[in-house]
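Enquirer: Quick one: structure below, then a few questions.
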Protein chains: 2
Amino acid sequence: MHLPELNIRLPDWLPAWLERHATRFPRPEARMALVIGLARENVARGGGPFAAAIFDRRGELLMPAVNQVVPGHCSLLHAEMLAIALAQQRLGNYDLGTHAEARLELVASTEPCAMCLGAVVWSGVGRLVCGARGEDAEAIGFDEGPKPADWVEALGARGIEVTRDVLGEEAAAVLRLYAGRGGTLYNPGGRQPIPPKR
Amino acid sequence: MHLPELNIRLPDWLPAWLERHATRFPRPEARMALVIGLARENVARGGGPFAAAIFDRRGELLMPAVNQVVPGHCSLLHAEMLAIALAQQRLGNYDLGTHAEARLELVASTEPCAMCLGAVVWSGVGRLVCGARGEDAEAIGFDEGPKPADWVEALGARGIEVTRDVLGEEAAAVLRLYAGRGGTLYNPGGRQPIPPKR
(Lines give C-alpha, C1' and ligand atoms only; values in the text may rest on other atoms or scores of the structure.)
Protein backbone atom coordinates (compact mmCIF):
# COMPACT_ATOMS: atom_id res chain seq x y z
CA MET A 1 0.00 0.00 0.00
CA HIS A 2 1.28 3.46 -0.87
CA LEU A 3 1.49 5.51 2.33
CA PRO A 4 1.72 9.18 1.35
CA GLU A 5 2.92 12.03 3.56
CA LEU A 6 1.58 15.54 4.02
CA ASN A 7 4.02 18.38 4.47
CA ILE A 8 2.30 21.28 6.18
CA ARG A 9 3.93 24.61 5.39
CA LEU A 10 2.98 28.21 4.83
CA PRO A 11 2.68 29.57 1.26
CA ASP A 12 5.77 30.89 -0.50
CA TRP A 13 4.53 34.50 -0.54
CA LEU A 14 4.16 34.71 3.24
CA PRO A 15 7.76 35.41 4.39
CA ALA A 16 8.11 38.42 2.06
CA TRP A 17 4.68 39.69 3.15
CA LEU A 18 5.72 39.44 6.79
CA GLU A 19 8.90 41.44 6.14
CA ARG A 20 6.72 44.38 5.15
CA HIS A 21 4.88 44.32 8.49
CA ALA A 22 5.69 44.79 12.17
CA THR A 23 6.03 41.69 14.38
CA ARG A 24 4.99 43.17 17.73
CA PHE A 25 1.49 44.45 18.39
CA PRO A 26 0.66 45.54 21.94
CA ARG A 27 -3.01 46.34 21.07
CA PRO A 28 -5.52 43.55 20.31
CA GLU A 29 -6.99 45.54 17.41
CA ALA A 30 -3.54 45.79 15.82
CA ARG A 31 -3.07 42.02 16.11
CA MET A 32 -6.45 41.45 14.49
CA ALA A 33 -5.68 43.99 11.74
CA LEU A 34 -2.55 41.98 10.84
CA VAL A 35 -4.59 38.76 10.70
CA ILE A 36 -7.30 40.35 8.56
CA GLY A 37 -4.57 41.65 6.25
CA LEU A 38 -3.25 38.10 5.92
CA ALA A 39 -6.74 36.79 5.09
CA ARG A 40 -7.18 39.50 2.45
CA GLU A 41 -3.78 38.69 0.91
CA ASN A 42 -4.64 34.97 0.88
CA VAL A 43 -7.81 35.75 -1.10
CA ALA A 44 -5.78 37.84 -3.55
CA ARG A 45 -3.42 34.85 -3.96
CA GLY A 46 -6.31 32.46 -4.69
CA GLY A 47 -6.58 30.96 -1.19
CA GLY A 48 -9.45 30.79 1.29
CA PRO A 49 -10.70 33.93 3.13
CA PHE A 50 -9.45 32.91 6.57
CA ALA A 51 -6.27 33.67 8.54
CA ALA A 52 -5.10 33.17 12.10
CA ALA A 53 -2.00 33.86 14.17
CA ILE A 54 -0.56 33.10 17.56
CA PHE A 55 0.94 35.88 19.68
CA ASP A 56 2.72 35.84 23.04
CA ARG A 57 1.50 38.02 25.89
CA ARG A 58 3.82 40.86 24.89
CA GLY A 59 2.01 40.91 21.52
CA GLU A 60 4.95 39.37 19.63
CA LEU A 61 3.91 37.37 16.57
CA LEU A 62 4.83 33.73 17.13
CA MET A 63 3.14 32.07 14.14
CA PRO A 64 0.95 33.39 11.30
CA ALA A 65 -1.17 31.13 9.09
CA VAL A 66 -3.68 31.15 6.24
CA ASN A 67 -6.28 28.68 5.02
CA GLN A 68 -4.84 26.14 2.56
CA VAL A 69 -7.68 23.63 2.07
CA VAL A 70 -7.83 23.94 -1.72
CA PRO A 71 -4.10 24.25 -2.63
CA GLY A 72 -3.16 21.61 -0.02
CA HIS A 73 -5.86 19.12 -1.11
CA CYS A 74 -6.75 18.71 2.56
CA SER A 75 -9.95 19.65 4.40
CA LEU A 76 -8.10 20.00 7.71
CA LEU A 77 -5.90 22.89 6.59
CA HIS A 78 -7.91 25.69 8.18
CA ALA A 79 -5.86 28.70 9.24
CA GLU A 80 -6.24 27.98 12.98
CA MET A 81 -4.98 24.42 12.45
CA LEU A 82 -1.83 25.59 10.67
CA ALA A 83 -1.14 28.28 13.27
CA ILE A 84 -1.44 25.75 16.10
CA ALA A 85 0.51 22.93 14.41
CA LEU A 86 3.38 25.17 13.29
CA ALA A 87 3.61 27.05 16.61
CA GLN A 88 3.87 23.67 18.34
CA GLN A 89 6.66 22.68 15.93
CA ARG A 90 8.44 25.96 16.66
CA LEU A 91 8.25 25.31 20.41
CA GLY A 92 8.79 21.55 20.11
CA ASN A 93 5.83 20.81 22.38
CA TYR A 94 2.24 19.62 21.83
CA ASP A 95 1.06 21.94 24.63
CA LEU A 96 1.48 25.66 23.92
CA GLY A 97 0.60 26.30 27.56
CA THR A 98 4.17 25.34 28.46
CA HIS A 99 5.58 28.40 26.61
CA ALA A 100 7.67 30.74 28.74
CA GLU A 101 5.54 33.69 27.60
CA ALA A 102 2.24 31.87 28.30
CA ARG A 103 -0.63 32.49 28.05
CA LEU A 104 -0.44 32.49 24.29
CA GLU A 105 -3.27 34.04 22.26
CA LEU A 106 -4.82 32.73 19.06
CA VAL A 107 -6.29 35.48 16.88
CA ALA A 108 -8.69 34.21 14.19
CA SER A 109 -10.18 36.35 11.41
CA THR A 110 -13.47 34.38 11.79
CA GLU A 111 -14.85 32.43 14.77
CA PRO A 112 -13.67 28.80 14.73
CA CYS A 113 -15.66 26.05 13.01
CA ALA A 114 -16.52 22.87 14.94
CA MET A 115 -13.14 21.28 14.15
CA CYS A 116 -11.03 24.32 14.98
CA LEU A 117 -13.00 24.82 18.20
CA GLY A 118 -11.82 21.41 19.39
CA ALA A 119 -8.31 22.11 18.12
CA VAL A 120 -8.16 25.34 20.16
CA VAL A 121 -8.93 23.34 23.30
CA TRP A 122 -6.13 20.81 22.63
CA SER A 123 -3.59 23.46 21.61
CA GLY A 124 -2.80 24.88 25.03
CA VAL A 125 -3.49 28.52 24.07
CA GLY A 126 -4.94 30.63 26.89
CA ARG A 127 -6.93 33.16 24.86
CA LEU A 128 -8.97 33.19 21.65
CA VAL A 129 -9.73 36.49 19.88
CA CYS A 130 -12.21 36.42 16.98
CA GLY A 131 -13.09 38.87 14.20
CA ALA A 132 -16.08 37.91 12.05
CA ARG A 133 -18.90 35.78 13.48
CA GLY A 134 -19.59 32.19 12.45
CA GLU A 135 -22.83 33.58 10.99
CA ASP A 136 -20.79 35.74 8.61
CA ALA A 137 -19.08 32.62 7.21
CA GLU A 138 -22.46 30.88 6.90
CA ALA A 139 -23.86 33.93 5.11
CA ILE A 140 -21.45 33.37 2.20
CA GLY A 141 -22.11 29.59 2.19
CA PHE A 142 -19.57 27.95 4.51
CA ASP A 143 -20.90 25.33 6.94
CA GLU A 144 -19.58 25.79 10.49
CA GLY A 145 -20.24 22.20 11.56
CA PRO A 146 -21.64 20.67 14.76
CA LYS A 147 -20.60 23.31 17.29
CA PRO A 148 -22.27 23.48 20.71
CA ALA A 149 -24.39 26.59 21.33
CA ASP A 150 -22.41 27.25 24.54
CA TRP A 151 -18.96 27.01 22.92
CA VAL A 152 -17.67 30.22 24.51
CA GLU A 153 -18.56 28.89 27.97
CA ALA A 154 -17.07 25.47 27.11
CA LEU A 155 -13.74 27.15 26.34
CA GLY A 156 -14.02 29.24 29.51
CA ALA A 157 -14.51 26.07 31.56
CA ARG A 158 -11.16 24.89 30.16
CA GLY A 159 -9.36 28.10 31.07
CA ILE A 160 -9.52 29.72 27.61
CA GLU A 161 -10.79 33.30 27.57
CA VAL A 162 -12.74 34.32 24.44
CA THR A 163 -13.07 37.83 22.97
CA ARG A 164 -15.46 38.25 20.03
CA ASP A 165 -16.21 40.91 17.41
CA VAL A 166 -12.77 42.54 17.30
CA LEU A 167 -12.80 44.46 13.99
CA GLY A 168 -15.69 42.16 13.10
CA GLU A 169 -16.95 44.29 10.24
CA GLU A 170 -13.53 44.47 8.55
CA ALA A 171 -13.13 40.71 8.96
CA ALA A 172 -16.56 39.98 7.49
CA ALA A 173 -15.72 42.23 4.52
CA VAL A 174 -12.94 39.77 3.53
CA LEU A 175 -15.51 36.94 3.48
CA ARG A 176 -17.77 39.00 1.21
CA LEU A 177 -14.79 39.87 -1.01
CA TYR A 178 -14.13 36.12 -1.45
CA ALA A 179 -17.78 35.38 -2.22
CA GLY A 180 -17.88 38.26 -4.71
CA ARG A 181 -14.88 36.78 -6.54
CA GLY A 182 -16.67 33.42 -6.79
CA GLY A 183 -14.24 31.71 -4.38
CA THR A 184 -14.61 27.93 -3.87
CA LEU A 185 -17.02 26.89 -1.10
CA TYR A 186 -15.29 23.67 -0.09
CA ASN A 187 -18.05 22.12 2.03
CA PRO A 188 -17.89 18.38 1.19
CA GLY A 189 -20.31 17.43 -1.56
CA GLY A 190 -20.91 21.13 -2.20
CA ARG A 191 -23.55 21.11 0.59
CA GLN A 192 -25.21 24.24 1.89
CA PRO A 193 -24.44 25.23 5.50
CA ILE A 194 -26.63 23.88 8.32
CA PRO A 195 -26.93 26.63 10.92
CA PRO A 196 -26.23 25.44 14.48
CA LYS A 197 -28.66 26.01 17.33
CA ARG A 198 -27.91 29.38 18.90
CA MET B 1 10.93 34.80 11.68
CA HIS B 2 11.63 31.08 11.49
CA LEU B 3 8.67 29.39 9.76
CA PRO B 4 8.84 25.66 10.53
CA GLU B 5 7.10 22.89 8.62
CA LEU B 6 5.30 19.80 9.85
CA ASN B 7 5.64 16.59 7.90
CA ILE B 8 2.72 14.29 8.68
CA ARG B 9 3.57 10.64 8.14
CA LEU B 10 2.78 7.27 9.65
CA PRO B 11 5.29 5.63 12.03
CA ASP B 12 8.12 3.52 10.61
CA TRP B 13 6.75 0.26 12.05
CA LEU B 14 3.40 0.54 10.28
CA PRO B 15 4.20 -0.75 6.74
CA ALA B 16 5.69 -4.01 8.08
CA TRP B 17 2.74 -4.42 10.45
CA LEU B 18 0.34 -4.00 7.52
CA GLU B 19 2.16 -6.65 5.50
CA ARG B 20 1.22 -9.19 8.17
CA HIS B 21 -2.50 -8.39 7.82
CA ALA B 22 -5.21 -8.60 5.17
CA THR B 23 -6.22 -5.43 3.33
CA ARG B 24 -9.83 -6.27 2.46
CA PHE B 25 -12.49 -6.74 5.14
CA PRO B 26 -16.07 -7.24 3.98
CA ARG B 27 -17.46 -7.37 7.55
CA PRO B 28 -17.59 -4.22 9.74
CA GLU B 29 -16.37 -6.18 12.79
CA ALA B 30 -13.29 -7.30 10.85
CA ARG B 31 -12.52 -3.70 9.88
CA MET B 32 -12.86 -2.64 13.51
CA ALA B 33 -10.69 -5.55 14.66
CA LEU B 34 -7.89 -4.34 12.38
CA VAL B 35 -8.19 -0.81 13.77
CA ILE B 36 -8.19 -2.04 17.39
CA GLY B 37 -5.11 -4.12 16.55
CA LEU B 38 -3.41 -0.97 15.27
CA ALA B 39 -4.30 0.92 18.45
CA ARG B 40 -2.91 -1.91 20.58
CA GLU B 41 0.32 -1.98 18.55
CA ASN B 42 0.66 1.81 18.87
CA VAL B 43 0.46 1.49 22.67
CA ALA B 44 3.12 -1.23 22.57
CA ARG B 45 5.32 1.16 20.54
CA GLY B 46 4.86 3.99 23.06
CA GLY B 47 2.14 5.89 21.15
CA GLY B 48 -1.39 6.91 22.15
CA PRO B 49 -4.19 4.31 22.50
CA PHE B 50 -6.15 5.41 19.44
CA ALA B 51 -6.26 4.25 15.81
CA ALA B 52 -8.48 4.89 12.81
CA ALA B 53 -8.69 3.80 9.18
CA ILE B 54 -10.58 4.64 6.01
CA PHE B 55 -12.09 1.85 3.91
CA ASP B 56 -13.91 1.91 0.59
CA ARG B 57 -17.35 0.34 0.24
CA ARG B 58 -15.89 -3.02 -0.79
CA GLY B 59 -14.06 -3.07 2.57
CA GLU B 60 -10.65 -2.37 1.03
CA LEU B 61 -8.26 -0.54 3.36
CA LEU B 62 -7.50 2.87 1.89
CA MET B 63 -5.59 4.50 4.77
CA PRO B 64 -4.68 3.35 8.29
CA ALA B 65 -3.50 5.73 11.02
CA VAL B 66 -2.49 5.92 14.67
CA ASN B 67 -2.37 8.71 17.21
CA GLN B 68 0.94 10.62 17.11
CA VAL B 69 0.37 13.59 19.45
CA VAL B 70 3.34 12.91 21.72
CA PRO B 71 5.99 11.74 19.19
CA GLY B 72 4.89 14.42 16.66
CA HIS B 73 4.85 17.27 19.22
CA CYS B 74 1.44 18.25 17.86
CA SER B 75 -1.93 18.19 19.61
CA LEU B 76 -3.76 17.84 16.27
CA LEU B 77 -2.28 14.44 15.39
CA HIS B 78 -5.22 12.31 16.48
CA ALA B 79 -5.63 9.07 14.52
CA GLU B 80 -8.75 10.26 12.68
CA MET B 81 -6.93 13.41 11.54
CA LEU B 82 -4.05 11.45 10.07
CA ALA B 83 -6.36 8.96 8.36
CA ILE B 84 -8.33 11.81 6.75
CA ALA B 85 -5.35 13.96 5.77
CA LEU B 86 -3.36 11.08 4.28
CA ALA B 87 -6.36 9.57 2.45
CA GLN B 88 -6.95 12.99 0.90
CA GLN B 89 -3.30 13.12 -0.17
CA ARG B 90 -3.63 9.67 -1.68
CA LEU B 91 -6.70 10.74 -3.68
CA GLY B 92 -5.39 14.26 -4.37
CA ASN B 93 -8.68 15.81 -3.28
CA TYR B 94 -9.88 17.65 -0.14
CA ASP B 95 -13.27 15.94 -0.46
CA LEU B 96 -13.22 12.15 -0.01
CA GLY B 97 -16.82 12.10 -1.23
CA THR B 98 -15.47 12.42 -4.77
CA HIS B 99 -13.83 8.97 -4.58
CA ALA B 100 -14.96 6.49 -7.24
CA GLU B 101 -15.75 3.93 -4.51
CA ALA B 102 -17.69 6.44 -2.36
CA ARG B 103 -19.15 6.41 0.21
CA LEU B 104 -15.92 5.95 2.13
CA GLU B 105 -16.07 4.79 5.74
CA LEU B 106 -13.99 6.02 8.66
CA VAL B 107 -13.52 3.41 11.39
CA ALA B 108 -12.31 4.84 14.72
CA SER B 109 -11.25 2.77 17.74
CA THR B 110 -12.91 5.39 20.00
CA GLU B 111 -15.69 7.88 19.27
CA PRO B 112 -14.29 11.18 17.93
CA CYS B 113 -13.36 14.06 20.22
CA ALA B 114 -14.77 17.54 19.50
CA MET B 115 -12.00 18.33 16.99
CA CYS B 116 -12.20 15.03 15.12
CA LEU B 117 -16.00 15.29 15.00
CA GLY B 118 -15.65 18.50 13.01
CA ALA B 119 -12.89 16.97 10.89
CA VAL B 120 -15.15 14.03 9.99
CA VAL B 121 -17.74 16.47 8.66
CA TRP B 122 -15.19 18.29 6.45
CA SER B 123 -13.56 15.08 5.21
CA GLY B 124 -16.24 13.91 2.82
CA VAL B 125 -16.57 10.40 4.31
CA GLY B 126 -20.07 8.95 4.18
CA ARG B 127 -19.97 6.68 7.23
CA LEU B 128 -18.41 6.70 10.70
CA VAL B 129 -18.03 3.46 12.67
CA CYS B 130 -16.92 3.72 16.32
CA GLY B 131 -15.60 1.21 18.85
CA ALA B 132 -15.21 2.52 22.41
CA ARG B 133 -17.43 5.33 23.70
CA GLY B 134 -16.24 8.84 24.45
CA GLU B 135 -17.01 7.98 28.09
CA ASP B 136 -14.41 5.21 27.97
CA ALA B 137 -11.72 7.75 26.98
CA GLU B 138 -12.89 10.09 29.75
CA ALA B 139 -12.79 7.22 32.23
CA ILE B 140 -9.00 6.95 31.81
CA GLY B 141 -8.56 10.74 31.94
CA PHE B 142 -8.81 12.09 28.36
CA ASP B 143 -10.97 15.16 27.82
CA GLU B 144 -13.31 14.85 24.82
CA GLY B 145 -13.80 18.59 24.38
CA PRO B 146 -16.87 20.72 23.58
CA LYS B 147 -18.95 18.22 21.61
CA PRO B 148 -22.69 18.76 21.11
CA ALA B 149 -24.95 16.22 22.86
CA ASP B 150 -26.68 15.53 19.52
CA TRP B 151 -23.47 14.91 17.56
CA VAL B 152 -24.76 11.69 15.97
CA GLU B 153 -27.80 13.53 14.61
CA ALA B 154 -25.62 16.46 13.49
CA LEU B 155 -23.56 14.06 11.35
CA GLY B 156 -26.75 12.43 10.05
CA ALA B 157 -28.06 15.85 8.98
CA ARG B 158 -24.90 16.16 6.86
CA GLY B 159 -25.36 12.75 5.23
CA ILE B 160 -22.91 10.85 7.46
CA GLU B 161 -24.28 7.62 8.91
CA VAL B 162 -22.92 6.67 12.37
CA THR B 163 -22.60 3.17 13.86
CA ARG B 164 -21.51 2.93 17.50
CA ASP B 165 -20.30 0.21 19.88
CA VAL B 166 -18.72 -2.09 17.27
CA LEU B 167 -16.39 -4.31 19.35
CA GLY B 168 -16.73 -1.60 21.99
CA GLU B 169 -15.45 -3.72 24.86
CA GLU B 170 -12.29 -4.77 22.99
CA ALA B 171 -11.66 -1.16 22.00
CA ALA B 172 -12.12 0.08 25.57
CA ALA B 173 -9.68 -2.59 26.77
CA VAL B 174 -6.89 -0.87 24.77
CA LEU B 175 -7.64 2.39 26.60
CA ARG B 176 -7.37 0.62 29.95
CA LEU B 177 -4.14 -1.07 28.83
CA TYR B 178 -2.68 2.37 28.10
CA ALA B 179 -3.83 3.75 31.46
CA GLY B 180 -2.40 0.70 33.24
CA ARG B 181 1.00 1.33 31.64
CA GLY B 182 0.94 4.93 32.86
CA GLY B 183 0.56 6.38 29.34
CA THR B 184 0.72 10.17 28.94
CA LEU B 185 -2.63 11.98 29.27
CA TYR B 186 -1.88 14.87 26.94
CA ASN B 187 -4.76 17.17 27.85
CA PRO B 188 -3.22 20.67 27.78
CA GLY B 189 -2.04 21.80 31.18
CA GLY B 190 -2.59 18.25 32.44
CA ARG B 191 -6.26 19.10 33.07
CA GLN B 192 -8.86 16.55 34.06
CA PRO B 193 -11.66 15.82 31.54
CA ILE B 194 -14.85 17.89 31.61
CA PRO B 195 -17.73 15.55 30.72
CA PRO B 196 -20.03 16.95 28.02
CA LYS B 197 -23.79 17.23 28.50
CA ARG B 198 -25.33 13.96 27.36
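Residue names in the C-alpha coordinates use chain letters A, B, ... in the order shown, residue numbers from 1 in each chain, and ligand numbers from 1 in the order shown.
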Pull out every residue of chain A that has at least one atom within 7 Å of chain B, counting only C-alpha atoms, and report them as a PyMOL selection string.
Expert: chain A and resi 4-9+69-70+73-76+85-86+88-90+92-95+97+114-119+121-124+145-148+151+154+187-189
Enquirer: Could you take the residues named above and write them with N, CA and C atoms, as a short mmCIF file (atom, residue, chain, number, x, y, z; two decimals), in the first residue's frame?
Expert:
data_model
loop_
_atom_site.label_atom_id
_atom_site.label_comp_id
_atom_site.auth_asym_id
_atom_site.auth_seq_id
_atom_site.Cartn_x
_atom_site.Cartn_y
_atom_site.Cartn_z
N PRO A 4 1.22 7.84 1.67
CA PRO A 4 1.72 9.18 1.35
C PRO A 4 2.05 9.97 2.62
N GLU A 5 2.65 11.12 2.45
CA GLU A 5 2.92 12.03 3.56
C GLU A 5 2.26 13.37 3.24
N LEU A 6 2.12 14.19 4.24
CA LEU A 6 1.58 15.54 4.02
C LEU A 6 2.52 16.52 4.70
N ASN A 7 3.13 17.37 3.91
CA ASN A 7 4.02 18.38 4.47
C ASN A 7 3.24 19.68 4.63
N ILE A 8 3.06 20.07 5.89
CA ILE A 8 2.30 21.28 6.18
C ILE A 8 3.27 22.46 6.26
N ARG A 9 3.07 23.43 5.39
CA ARG A 9 3.93 24.61 5.39
C ARG A 9 3.14 25.82 4.91
N VAL A 69 -6.89 24.83 2.40
CA VAL A 69 -7.68 23.63 2.07
C VAL A 69 -7.55 23.27 0.59
N VAL A 70 -7.79 24.25 -0.28
CA VAL A 70 -7.83 23.94 -1.72
C VAL A 70 -6.42 23.67 -2.28
N HIS A 73 -5.04 20.32 -0.92
CA HIS A 73 -5.86 19.12 -1.11
C HIS A 73 -6.17 18.47 0.24
N CYS A 74 -6.52 19.27 1.23
CA CYS A 74 -6.75 18.71 2.56
C CYS A 74 -7.76 19.56 3.33
N SER A 75 -8.86 18.92 3.74
CA SER A 75 -9.95 19.65 4.40
C SER A 75 -9.60 20.10 5.81
N LEU A 76 -8.48 19.63 6.35
CA LEU A 76 -8.10 20.00 7.71
C LEU A 76 -7.28 21.29 7.76
N ALA A 85 -0.46 24.00 14.71
CA ALA A 85 0.51 22.93 14.41
C ALA A 85 1.92 23.50 14.25
N LEU A 86 2.04 24.63 13.56
CA LEU A 86 3.38 25.17 13.29
C LEU A 86 3.96 25.86 14.53
N GLN A 88 3.42 24.80 17.52
CA GLN A 88 3.87 23.67 18.34
C GLN A 88 5.20 23.12 17.80
N GLN A 89 5.37 23.10 16.48
CA GLN A 89 6.66 22.68 15.93
C GLN A 89 7.76 23.66 16.33
N ARG A 90 7.44 24.95 16.30
CA ARG A 90 8.44 25.96 16.66
C ARG A 90 8.90 25.80 18.11
N GLY A 92 8.41 22.95 19.84
CA GLY A 92 8.79 21.55 20.11
C GLY A 92 7.96 20.91 21.19
N ASN A 93 6.69 21.33 21.31
CA ASN A 93 5.83 20.81 22.38
C ASN A 93 4.38 20.78 21.91
N TYR A 94 3.64 19.72 22.24
CA TYR A 94 2.24 19.62 21.83
C TYR A 94 1.32 20.47 22.69
N ASP A 95 1.87 21.11 23.72
CA ASP A 95 1.06 21.94 24.63
C ASP A 95 1.65 23.34 24.66
N GLY A 97 0.69 25.75 26.21
CA GLY A 97 0.60 26.30 27.56
C GLY A 97 1.91 26.20 28.32
N ALA A 114 -16.46 23.95 13.95
CA ALA A 114 -16.52 22.87 14.94
C ALA A 114 -15.16 22.21 15.14
N MET A 115 -14.45 21.94 14.05
CA MET A 115 -13.14 21.28 14.15
C MET A 115 -12.12 22.16 14.85
N CYS A 116 -12.04 23.42 14.41
CA CYS A 116 -11.03 24.32 14.98
C CYS A 116 -11.34 24.63 16.44
N LEU A 117 -12.62 24.63 16.81
CA LEU A 117 -13.00 24.82 18.20
C LEU A 117 -12.35 23.74 19.07
N GLY A 118 -12.47 22.49 18.65
CA GLY A 118 -11.82 21.41 19.39
C GLY A 118 -10.31 21.56 19.39
N ALA A 119 -9.76 21.96 18.23
CA ALA A 119 -8.31 22.11 18.12
C ALA A 119 -7.78 23.19 19.06
N VAL A 121 -8.97 23.93 21.96
CA VAL A 121 -8.93 23.34 23.30
C VAL A 121 -7.66 22.50 23.49
N TRP A 122 -7.30 21.70 22.50
CA TRP A 122 -6.13 20.81 22.63
C TRP A 122 -4.81 21.55 22.50
N SER A 123 -4.84 22.78 21.96
CA SER A 123 -3.59 23.46 21.61
C SER A 123 -2.79 23.93 22.80
N GLY A 124 -3.49 24.28 23.89
CA GLY A 124 -2.80 24.88 25.03
C GLY A 124 -2.76 26.40 25.01
N GLY A 145 -20.34 23.51 10.92
CA GLY A 145 -20.24 22.20 11.56
C GLY A 145 -20.94 22.11 12.90
N PRO A 146 -20.92 20.91 13.50
CA PRO A 146 -21.64 20.67 14.76
C PRO A 146 -20.91 21.27 15.96
N LYS A 147 -21.26 22.50 16.26
CA LYS A 147 -20.60 23.31 17.29
C LYS A 147 -21.60 23.53 18.40
N PRO A 148 -21.27 23.28 19.65
CA PRO A 148 -22.27 23.48 20.71
C PRO A 148 -22.65 24.96 20.84
N TRP A 151 -20.39 27.26 23.15
CA TRP A 151 -18.96 27.01 22.92
C TRP A 151 -18.06 28.00 23.65
N ALA A 154 -17.83 26.72 27.07
CA ALA A 154 -17.07 25.47 27.11
C ALA A 154 -15.57 25.75 27.07
N ASN A 187 -17.27 23.09 1.26
CA ASN A 187 -18.05 22.12 2.03
C ASN A 187 -18.06 20.80 1.25
N PRO A 188 -17.89 19.65 1.94
CA PRO A 188 -17.89 18.38 1.19
C PRO A 188 -19.22 18.18 0.46
N GLY A 189 -19.11 17.66 -0.76
CA GLY A 189 -20.31 17.43 -1.56
C GLY A 189 -20.98 18.71 -2.02
#
Enquirer: Write out as a PyMOL selection string which residues come within 10 Å of B:Arg176 when counting only C-alpha atoms, dropping same-chain ones fewer than 6 positions away.
Expert: chain B and resi 49+136-137+139-140+182-183
Enquirer: For B:Gly131, please output as a PyMOL selection string all residues within 9 Å (counting only C-alpha atoms; exclusion window: fewer than 4 positions along the same chain).
Expert: chain B and resi 32+36+107-111+163-172
Enquirer: One decimal, in Å: what's the spacing between atom CA of A:Glu135 and atom CA of A:Leu104?
Expert: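 We find that atom CA of A:Glu135 and atom CA of A:Leu104 lie 26.1 Å from each other.
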Enquirer: Write out as number ranges by chain all residues of stretch 39-193 of chain B that DSSP puts in alpha helix (DSSP H) for this structure's backbone.
Expert: B: 39-44, 69-72, 79-91, 114-123, 134-139, 151-157, 168-180
Enquirer: As an NGL selection string, please: every residue in chain B that a backbone DSSP assignment puts in strand (DSSP E or B).
Expert: :B and (6-8 or 24 or 51-55 or 60-66 or 105-110 or 127-132 or 161-163)
Enquirer: Mind giving me the straight-line distance from atom CA of B:Val66 to atom CA of B:Arg31 in Å, one decimal?
Expert: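 A separation of 14.7 Å between them.
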